[in-house]
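Okay, model_18.cif now, which holds mmCIF, C-alpha atoms:
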```cif
data_entry
loop_
_atom_site.group_PDB
_atom_site.id
_atom_site.type_symbol
_atom_site.label_atom_id
_atom_site.label_comp_id
_atom_site.auth_asym_id
_atom_site.auth_seq_id
_atom_site.Cartn_x
_atom_site.Cartn_y
_atom_site.Cartn_z
ATOM 1 C CA MET A 25 58.441 100.950 60.743
ATOM 2 C CA PHE A 26 54.932 99.924 59.910
ATOM 3 C CA LEU A 27 52.925 96.813 60.583
ATOM 4 C CA LYS A 28 49.871 95.342 58.997
ATOM 5 C CA GLN A 29 46.836 93.489 60.189
ATOM 6 C CA ASP A 30 48.221 92.518 63.608
ATOM 7 C CA LEU A 31 46.942 95.431 65.612
ATOM 8 C CA SER A 32 43.556 96.783 66.517
ATOM 9 C CA LEU A 33 42.273 100.098 67.812
ATOM 10 C CA ILE A 34 39.776 99.727 70.647
ATOM 11 C CA VAL A 35 37.476 102.720 71.037
ATOM 12 C CA THR A 36 35.546 103.027 74.291
ATOM 13 C CA VAL A 37 32.972 105.724 74.949
ATOM 14 C CA VAL A 38 31.937 106.118 78.584
ATOM 15 C CA ALA A 39 30.496 108.780 80.827
ATOM 16 C CA ARG A 40 32.843 111.516 81.988
ATOM 17 C CA GLY A 41 35.094 110.377 84.817
ATOM 18 C CA PHE A 42 34.998 106.661 83.999
ATOM 19 C CA SER A 43 38.092 106.682 81.827
ATOM 20 C CA ASP A 44 40.260 105.642 84.810
ATOM 21 C CA LYS A 45 38.175 102.499 85.250
ATOM 22 C CA VAL A 46 38.533 101.737 81.564
ATOM 23 C CA MET A 47 42.315 102.148 81.807
ATOM 24 C CA GLU A 48 42.575 99.940 84.895
ATOM 25 C CA ALA A 49 40.611 97.198 83.179
ATOM 26 C CA ALA A 50 42.640 97.495 79.990
ATOM 27 C CA LYS A 51 45.961 97.333 81.885
ATOM 28 C CA ILE A 52 44.839 94.211 83.746
ATOM 29 C CA ALA A 53 44.176 92.570 80.395
ATOM 30 C CA GLY A 54 47.559 93.588 78.989
ATOM 31 C CA ALA A 55 47.143 96.964 77.326
ATOM 32 C CA GLU A 56 49.994 99.383 77.724
ATOM 33 C CA GLY A 57 48.587 102.852 77.218
ATOM 34 C CA ALA A 58 45.713 104.902 75.923
ATOM 35 C CA THR A 59 44.693 108.282 74.626
ATOM 36 C CA ILE A 60 41.765 109.968 76.307
ATOM 37 C CA PHE A 61 39.726 112.934 75.199
ATOM 38 C CA THR A 62 36.394 114.440 76.107
ATOM 39 C CA ALA A 63 33.380 114.431 73.878
ATOM 40 C CA ARG A 64 29.692 115.168 74.019
ATOM 41 C CA GLY A 65 26.940 112.599 73.786
ATOM 42 C CA ASN A 66 24.061 113.162 71.430
ATOM 43 C CA GLY A 67 22.018 109.973 71.609
ATOM 44 C CA ILE A 68 18.218 109.999 71.453
ATOM 45 C CA HIS A 69 18.033 108.337 74.844
ATOM 46 C CA GLU A 70 20.404 110.807 76.421
ATOM 47 C CA SER A 71 18.798 114.130 75.670
ATOM 48 C CA ASP A 72 17.355 115.766 78.718
ATOM 49 C CA SER A 73 16.374 119.223 79.736
ATOM 50 C CA ILE A 74 15.932 121.096 82.975
ATOM 51 C CA LEU A 75 13.805 124.213 83.022
ATOM 52 C CA GLY A 76 13.916 124.282 79.232
ATOM 53 C CA VAL A 77 17.714 124.071 79.102
ATOM 54 C CA SER A 78 18.898 121.043 77.170
ATOM 55 C CA ILE A 79 21.615 118.989 78.759
ATOM 56 C CA GLN A 80 24.060 116.981 76.751
ATOM 57 C CA PRO A 81 26.035 114.505 78.807
ATOM 58 C CA GLU A 82 29.802 114.714 78.707
ATOM 59 C CA LYS A 83 31.707 111.665 77.585
ATOM 60 C CA ASP A 84 35.236 110.319 77.774
ATOM 61 C CA VAL A 85 36.563 108.585 74.670
ATOM 62 C CA VAL A 86 39.445 106.175 75.229
ATOM 63 C CA LEU A 87 41.591 104.936 72.333
ATOM 64 C CA ILE A 88 43.771 101.873 72.957
ATOM 65 C CA VAL A 89 46.077 100.186 70.430
ATOM 66 C CA VAL A 90 46.522 96.479 71.184
ATOM 67 C CA HIS A 91 47.824 93.369 69.519
ATOM 68 C CA LYS A 92 45.073 91.202 68.039
ATOM 69 C CA SER A 93 45.919 88.348 70.409
ATOM 70 C CA ILE A 94 44.692 90.305 73.429
ATOM 71 C CA ARG A 95 41.987 92.371 71.788
ATOM 72 C CA LYS A 96 39.050 90.252 72.939
ATOM 73 C CA LYS A 97 40.505 89.899 76.414
ATOM 74 C CA VAL A 98 40.879 93.670 76.774
ATOM 75 C CA MET A 99 37.366 94.353 75.491
ATOM 76 C CA ARG A 100 35.853 91.733 77.776
ATOM 77 C CA GLU A 101 37.692 93.163 80.788
ATOM 78 C CA ILE A 102 36.607 96.715 79.931
ATOM 79 C CA CYS A 103 32.967 95.702 79.527
ATOM 80 C CA LYS A 104 33.009 93.722 82.761
ATOM 81 C CA ASN A 105 34.748 96.321 84.931
ATOM 82 C CA THR A 106 33.072 99.431 83.553
ATOM 83 C CA GLY A 107 29.563 97.985 83.444
ATOM 84 C CA LEU A 108 29.233 98.307 79.677
ATOM 85 C CA ASN A 109 27.188 95.113 79.659
ATOM 86 C CA GLU A 110 24.323 97.134 81.094
ATOM 87 C CA GLU A 111 22.131 99.400 79.042
ATOM 88 C CA GLY A 112 23.129 103.028 78.654
ATOM 89 C CA LYS A 113 26.586 102.759 80.195
ATOM 90 C CA GLY A 114 28.590 103.268 77.027
ATOM 91 C CA LEU A 115 30.029 101.309 74.152
ATOM 92 C CA CYS A 116 33.229 99.636 73.074
ATOM 93 C CA PHE A 117 34.287 98.617 69.563
ATOM 94 C CA ALA A 118 37.444 97.726 67.663
ATOM 95 C CA LEU A 119 38.829 98.835 64.328
ATOM 96 C CA PRO A 120 41.616 97.192 62.333
ATOM 97 C CA ILE A 121 44.810 99.186 61.961
ATOM 98 C CA ASP A 122 46.499 99.137 58.570
ATOM 99 C CA GLU A 123 49.808 100.847 59.213
ATOM 100 C CA LEU A 124 51.497 101.910 62.438
ATOM 101 C CA GLY A 125 54.522 103.978 63.266
ATOM 102 C CA GLY A 126 56.268 105.283 66.350
ATOM 103 C CA VAL A 127 56.043 102.304 68.700
ATOM 104 C CA ARG A 128 59.192 100.134 68.623
ATOM 105 C CA HIS A 129 58.233 97.607 71.284
ATOM 106 C CA MET A 130 54.954 96.798 69.515
ATOM 107 C CA ALA A 131 56.907 96.191 66.317
ATOM 108 C CA ASN A 132 59.158 93.760 68.190
ATOM 109 C CA LEU A 133 56.083 92.063 69.646
ATOM 110 C CA VAL A 134 54.624 91.531 66.196
ATOM 111 C CA LEU A 135 57.960 90.332 64.784
ATOM 112 C CA SER A 136 58.381 87.891 67.674
ATOM 113 C CA SER A 137 54.842 86.570 67.178
ATOM 114 C CA LYS A 138 55.601 86.078 63.481
ATOM 115 C CA LYS A 139 58.805 84.249 64.378
ATOM 116 C CA ARG A 140 56.875 82.061 66.788
ATOM 117 C CA ALA A 141 54.346 81.285 64.080
ATOM 118 C CA SER A 142 57.083 80.338 61.616
ATOM 119 C CA ASN A 143 58.808 78.201 64.281
ATOM 120 C CA THR A 144 55.604 76.278 64.987
ATOM 121 C CA ALA A 145 55.127 75.784 61.254
ATOM 122 C CA THR A 146 58.620 74.329 60.868
ATOM 123 C CA ARG A 147 58.081 72.130 63.918
ATOM 124 C CA ILE A 148 54.851 70.789 62.469
ATOM 125 C CA ALA A 149 56.530 70.177 59.123
ATOM 126 C CA SER A 150 59.449 68.328 60.738
ATOM 127 C CA ALA A 151 57.069 66.251 62.858
ATOM 128 C CA GLN A 152 55.116 65.304 59.752
ATOM 129 C CA SER A 153 58.271 64.380 57.871
ATOM 130 C CA LYS A 154 59.435 62.296 60.856
ATOM 131 C CA SER A 155 56.141 60.419 60.974
ATOM 132 C CA ILE A 156 56.323 59.778 57.222
ATOM 133 C CA SER A 157 59.897 58.440 57.489
ATOM 134 C CA GLN A 158 58.899 56.250 60.446
ATOM 135 C CA LYS A 159 56.034 54.786 58.467
ATOM 136 C CA SER A 160 58.273 54.081 55.504
ATOM 137 C CA ASN A 161 60.781 52.356 57.806
ATOM 138 C CA GLU A 162 58.043 50.189 59.270
ATOM 139 C CA VAL A 163 56.864 49.229 55.802
ATOM 140 C CA LYS A 164 60.401 48.285 54.801
ATOM 141 C CA LYS A 165 60.803 46.129 57.910
ATOM 142 C CA GLU A 166 57.590 44.288 57.143
ATOM 143 C CA GLU A 167 58.720 43.669 53.585
ATOM 144 C CA ASN A 168 62.078 42.367 54.793
ATOM 145 C CA LYS A 169 60.329 39.997 57.173
ATOM 146 C CA LYS A 170 58.184 38.678 54.370
ATOM 147 C CA GLU A 171 61.212 38.140 52.183
ATOM 148 C CA GLU A 172 62.994 36.282 54.944
ATOM 149 C CA LYS A 173 60.028 33.964 55.416
ATOM 150 C CA GLU A 174 59.905 33.173 51.721
ATOM 151 C CA LYS A 175 63.664 32.358 51.514
ATOM 152 C CA PRO A 176 64.606 28.663 52.254
ATOM 153 C CA ASP A 177 66.764 27.967 55.354
ATOM 154 C CA SER A 178 70.462 28.138 54.453
ATOM 155 C CA SER A 179 71.474 26.390 57.734
ATOM 156 C CA THR A 180 69.661 23.157 56.826
ATOM 157 C CA GLU A 181 71.184 23.220 53.391
ATOM 158 C CA ASP A 182 74.668 23.483 54.939
ATOM 159 C CA LYS A 183 73.926 20.484 57.155
ATOM 160 C CA ASN A 184 72.776 18.382 54.203
ATOM 161 C CA ASP A 185 75.909 19.270 52.275
ATOM 162 C CA LYS A 186 78.073 18.189 55.175
ATOM 163 C CA GLU A 187 76.270 14.869 55.478
ATOM 164 C CA ASP A 188 76.635 14.237 51.771
ATOM 165 C CA LYS A 189 80.356 14.921 51.967
ATOM 166 C CA GLU A 190 80.761 12.560 54.888
ATOM 167 C CA ILE A 191 78.814 9.819 53.079
ATOM 168 C CA SER A 192 80.953 10.235 49.974
ATOM 169 C CA LYS A 193 84.117 10.000 52.091
ATOM 170 C CA ASP A 194 82.831 6.823 53.721
ATOM 171 C CA THR A 195 82.044 5.245 50.377
ATOM 172 C CA GLU A 196 85.496 6.096 49.077
ATOM 173 C CA LYS A 197 87.070 4.523 52.135
ATOM 174 C CA SER A 198 84.990 1.415 51.782
ATOM 175 C CA LYS A 199 85.914 1.141 48.104
ATOM 176 C CA ALA A 200 89.521 1.547 48.969
ATOM 177 C CA MET B 3 23.751 111.601 47.806
ATOM 178 C CA ARG B 4 25.409 108.280 47.093
ATOM 179 C CA ASN B 5 28.102 106.774 49.253
ATOM 180 C CA LYS B 6 31.067 105.516 47.319
ATOM 181 C CA LYS B 7 34.006 103.336 48.284
ATOM 182 C CA ALA B 8 36.644 105.746 49.552
ATOM 183 C CA PRO B 9 40.266 105.368 48.380
ATOM 184 C CA TYR B 10 41.306 107.105 51.571
ATOM 185 C CA LYS B 11 42.478 106.108 55.030
ATOM 186 C CA LEU B 12 42.019 107.922 58.284
ATOM 187 C CA LEU B 13 45.418 108.795 59.723
ATOM 188 C CA VAL B 14 45.514 109.379 63.467
ATOM 189 C CA CYS B 15 48.643 110.734 65.105
ATOM 190 C CA VAL B 16 48.968 111.228 68.865
ATOM 191 C CA VAL B 17 52.098 113.148 69.713
ATOM 192 C CA GLU B 18 53.584 115.351 72.404
ATOM 193 C CA LYS B 19 52.514 118.960 72.128
ATOM 194 C CA SER B 20 56.014 120.130 71.218
ATOM 195 C CA LYS B 21 56.140 117.847 68.171
ATOM 196 C CA ALA B 22 52.709 118.683 66.780
ATOM 197 C CA ASP B 23 54.005 121.364 64.402
ATOM 198 C CA MET B 24 56.590 118.954 62.994
ATOM 199 C CA VAL B 25 53.865 116.407 62.322
ATOM 200 C CA LEU B 26 51.816 119.034 60.523
ATOM 201 C CA GLY B 27 54.915 119.874 58.463
ATOM 202 C CA ILE B 28 55.262 116.258 57.371
ATOM 203 C CA LEU B 29 51.592 116.088 56.457
ATOM 204 C CA LYS B 30 51.928 119.331 54.508
ATOM 205 C CA ASN B 31 54.840 117.878 52.531
ATOM 206 C CA ALA B 32 52.632 114.896 51.739
ATOM 207 C CA HIS B 33 49.912 117.316 50.566
ATOM 208 C CA GLU B 34 47.584 116.214 53.349
ATOM 209 C CA THR B 35 46.682 119.607 54.662
ATOM 210 C CA LEU B 36 43.167 119.045 55.919
ATOM 211 C CA GLY B 37 43.058 117.739 59.440
ATOM 212 C CA ILE B 38 41.558 118.062 62.873
ATOM 213 C CA SER B 39 43.767 118.840 65.808
ATOM 214 C CA ASN B 40 42.569 118.027 69.292
ATOM 215 C CA LEU B 41 43.987 118.297 72.799
ATOM 216 C CA VAL B 42 43.988 114.913 74.490
ATOM 217 C CA GLU B 43 45.408 113.170 77.528
ATOM 218 C CA GLY B 44 47.942 110.376 77.382
ATOM 219 C CA THR B 45 48.507 107.611 79.901
ATOM 220 C CA SER B 46 52.028 106.451 79.060
ATOM 221 C CA LYS B 47 54.668 106.980 81.713
ATOM 222 C CA MET B 48 57.476 109.467 81.268
ATOM 223 C CA GLY B 49 60.074 107.702 83.390
ATOM 224 C CA SER B 50 61.659 109.764 86.121
ATOM 225 C CA MET B 51 59.372 112.712 85.487
ATOM 226 C CA ASP B 52 56.408 110.540 86.376
ATOM 227 C CA ILE B 53 57.978 109.568 89.696
ATOM 228 C CA MET B 54 58.397 113.217 90.620
ATOM 229 C CA GLY B 55 54.857 114.000 89.566
ATOM 230 C CA LEU B 56 56.052 116.310 86.836
ATOM 231 C CA ALA B 57 54.978 114.159 83.917
ATOM 232 C CA ARG B 58 52.884 116.073 81.450
ATOM 233 C CA ASN B 59 50.179 113.922 80.030
ATOM 234 C CA GLU B 60 48.948 116.443 77.507
ATOM 235 C CA ARG B 61 49.113 115.308 73.934
ATOM 236 C CA THR B 62 47.916 116.545 70.588
ATOM 237 C CA MET B 63 45.860 114.261 68.394
ATOM 238 C CA ILE B 64 45.830 115.039 64.684
ATOM 239 C CA MET B 65 43.327 113.273 62.437
ATOM 240 C CA THR B 66 43.470 113.580 58.687
ATOM 241 C CA ALA B 67 42.413 111.638 55.618
ATOM 242 C CA VAL B 68 45.252 110.392 53.435
ATOM 243 C CA ARG B 69 45.210 108.696 50.067
ATOM 244 C CA ALA B 70 45.620 104.944 50.398
ATOM 245 C CA GLU B 71 48.674 104.932 48.107
ATOM 246 C CA ASN B 72 50.387 107.642 50.211
ATOM 247 C CA ALA B 73 49.573 106.129 53.602
ATOM 248 C CA LYS B 74 52.612 103.844 53.822
ATOM 249 C CA ARG B 75 55.067 106.591 52.885
ATOM 250 C CA THR B 76 53.482 109.080 55.279
ATOM 251 C CA ILE B 77 53.589 106.621 58.168
ATOM 252 C CA GLN B 78 57.255 105.894 57.426
ATOM 253 C CA ALA B 79 58.050 109.606 57.540
ATOM 254 C CA LEU B 80 56.137 109.990 60.813
ATOM 255 C CA ASP B 81 57.887 106.939 62.249
ATOM 256 C CA LEU B 82 61.276 108.581 61.649
ATOM 257 C CA LEU B 83 60.053 111.685 63.452
ATOM 258 C CA LEU B 84 58.372 109.895 66.349
ATOM 259 C CA CYS B 85 61.071 107.281 66.911
ATOM 260 C CA PRO B 86 64.501 108.767 66.083
ATOM 261 C CA ASP B 87 66.115 106.204 68.402
ATOM 262 C CA ASP B 88 64.661 103.870 71.008
ATOM 263 C CA THR B 89 62.561 106.608 72.618
ATOM 264 C CA SER B 90 59.105 107.310 71.317
ATOM 265 C CA PHE B 91 57.395 110.682 71.134
ATOM 266 C CA GLY B 92 54.033 109.423 69.970
ATOM 267 C CA ILE B 93 52.140 107.016 67.785
ATOM 268 C CA ALA B 94 50.634 107.181 64.319
ATOM 269 C CA PHE B 95 48.344 104.692 62.637
ATOM 270 C CA THR B 96 45.887 104.421 59.776
ATOM 271 C CA VAL B 97 42.404 103.012 59.712
ATOM 272 C CA LYS B 98 40.655 102.067 56.495
ATOM 273 C CA LEU B 99 37.677 104.192 55.495
ATOM 274 C CA ASN B 100 34.974 101.980 54.060
ATOM 275 C CA SER B 101 32.881 104.648 52.439
ATOM 276 C CA ALA B 102 32.355 108.372 52.258
ATOM 277 C CA SER B 103 29.731 110.654 50.830
ATOM 278 C CA ARG B 104 30.202 111.960 47.308
ATOM 279 C CA GLU B 105 30.521 115.520 48.530
ATOM 280 C CA THR B 106 33.277 114.493 50.925
ATOM 281 C CA LEU B 107 35.198 112.752 48.157
ATOM 282 C CA ASN B 108 34.770 115.746 45.870
ATOM 283 C CA PHE B 109 36.048 117.983 48.618
ATOM 284 C CA PHE B 110 39.106 115.792 49.169
ATOM 285 C CA ASN B 111 39.794 115.727 45.440
ATOM 286 C CA THR B 112 39.511 119.472 45.023
ATOM 287 C CA LYS B 113 41.733 119.970 48.047
ATOM 288 C CA ARG B 114 44.394 117.848 46.341
ATOM 289 C CA GLU B 115 44.226 120.110 43.328
ATOM 290 C CA GLY B 116 45.183 123.099 45.422
ATOM 291 C CA ILE B 117 41.813 124.849 45.614
#
```
Please go through the file and, once you have read it, give me the structure as structure tokens.
Amino acid sequence: MFLKQDLSLIVTVVARGFSDKVMEAAKIAGAEGATIFTARGNGIHESDSILGVSIQPEKDVVLIVVHKSIRKKVMREICKNTGLNEEGKGLCFALPIDELGGVRHMANLVLSSKKRASNTATRIASAQSKSISQKSNEVKKEENKKEEKEKPDSSTEDKNDKEDKEISKDTEKSKA
Amino acid sequence: MRNKKAPYKLLVCVVEKSKADMVLGILKNAHETLGISNLVEGTSKMGSMDIMGLARNERTMIMTAVRAENAKRTIQALDLLLCPDDTSFGIAFTVKLNSASRETLNFFNTKREGI
């Protein structure tokens, strides 16, 4: 199973031993797991030497795959808890993932989010159609009211007819 | 040296140590034989083994460059290996490569031709 454009890879580079803090922060924000490996830093601000022996600081690199909905939250939590907002503490960046395989529950998460998106779209469409039908009903009612106002009163006409009939009866009686 | 748009993707596969050779077999079948293998540490729980403190967190990470048109098929093959049923033995994903040096692309192309 493979997914597209819904997942991101967060890469965090920190000093050796700080990977646990990164993981704690990521789990708080909703991440589920990570892959950690050691690396060696080679930045211009990191090179140092003691007694002529150059020292290259050891680093921990943490890779976390997350859904795009929580990516910013995870990165913010990592930067806050690990002190990445300060200079020289490390860095954190995200890459888009094209295809993914091997993680069933993440596939279900993406499918459920897609379902939710389609459900909201249908709800919006039905709400719009309802509002349109309501408006059309209101317009019809107004038109009916106008038509009723323009029509003459049938009740008064009935009364006049009755009076005429009575008068004609009276005249016939008088003639007789 | 000019950087050109690379028609390749970076494939990263993190798998249990016992399955690493099978992953390399799949990549070999897909003619993606150049890769970097690294020993890494995983953080996912192993169920009851984790409770007893016997969970082994060691994993193997294999990184290779795959052709963009082969990426989908390769990931599908890896998915069948990594997730035969509801259990998961690892994860595999691809990341787009924006550009690569000309020498790198030449090297990838010659590798595909069997040299």
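Contacts from chain A to chain B at a cut-off of 8 Å (all atoms listed in the file) map to Met25, Phe26, Glu56, Gly57, Ala58, Thr59, Ile60, Phe61, Thr62, Leu119, Pro120, Ile121, Asp122, Glu123, Leu124, Gly125, Gly126, Val127 and Arg128 of chain A.
The space between atom CA of B:Ser39 and atom CA of A:Gly54 spans 28.7 Å.
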Report as JSON, numbers by chain the residues that result from applying the PyMOL selection byres ((chain A and resi 41) around 10) to the structure here. {"A": [38, 39, 40, 42, 43, 44, 45, 46, 62, 82, 83, 84]}
Any chance you can output those residues with C-alpha atoms as a PDB file, keeping the file's coordinate frame?
```pdb
ATOM      1  CA  VAL A  38      31.937 106.118  78.584  1.00  0.00           C
ATOM      2  CA  ALA A  39      30.496 108.780  80.827  1.00  0.00           C
ATOM      3  CA  ARG A  40      32.843 111.516  81.988  1.00  0.00           C
ATOM      4  CA  PHE A  42      34.998 106.661  83.999  1.00  0.00           C
ATOM      5  CA  SER A  43      38.092 106.682  81.827  1.00  0.00           C
ATOM      6  CA  ASP A  44      40.260 105.642  84.810  1.00  0.00           C
ATOM      7  CA  LYS A  45      38.175 102.499  85.250  1.00  0.00           C
ATOM      8  CA  VAL A  46      38.533 101.737  81.564  1.00  0.00           C
ATOM      9  CA  THR A  62      36.394 114.440  76.107  1.00  0.00           C
ATOM     10  CA  GLU A  82      29.802 114.714  78.707  1.00  0.00           C
ATOM     11  CA  LYS A  83      31.707 111.665  77.585  1.00  0.00           C
ATOM     12  CA  ASP A  84      35.236 110.319  77.774  1.00  0.00           C
TER      13      ASP A  84
END
```
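Between atom CA of A:Ala50 and atom CA of A:Val98 the separation is 5.3 Å.
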List the spatial neighbours of stretch 89-95 of chain A as a ChimeraX atom specification - criterion: any atom at most 7 Å away, all atoms listed in the file, same-chain residues fewer than 6 positions off excluded. /A:30-34,55
Generate the output file for the selected residues, C-alpha atoms, as a tab-separated table (two decimals), keeping the file's coordinate frame.
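The file below, result_5.tsv, is the result:
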```tsv
chain	number	residue	atom	x	y	z
A	30	ASP	CA	48.22	92.52	63.61
A	31	LEU	CA	46.94	95.43	65.61
A	32	SER	CA	43.56	96.78	66.52
A	33	LEU	CA	42.27	100.10	67.81
A	34	ILE	CA	39.78	99.73	70.65
A	55	ALA	CA	47.14	96.96	77.33
```
So the first atom is atom CA of A:Gln80 and the second is atom CA of A:Ala49; what is the distance between them in Å, to one decimal place? 26.6 Å
Judged by all atoms listed in the file, the minimum distance to A:Lys113 among A:Pro81, A:Ile156, A:Glu172, A:Ala63 is found for A:Pro81
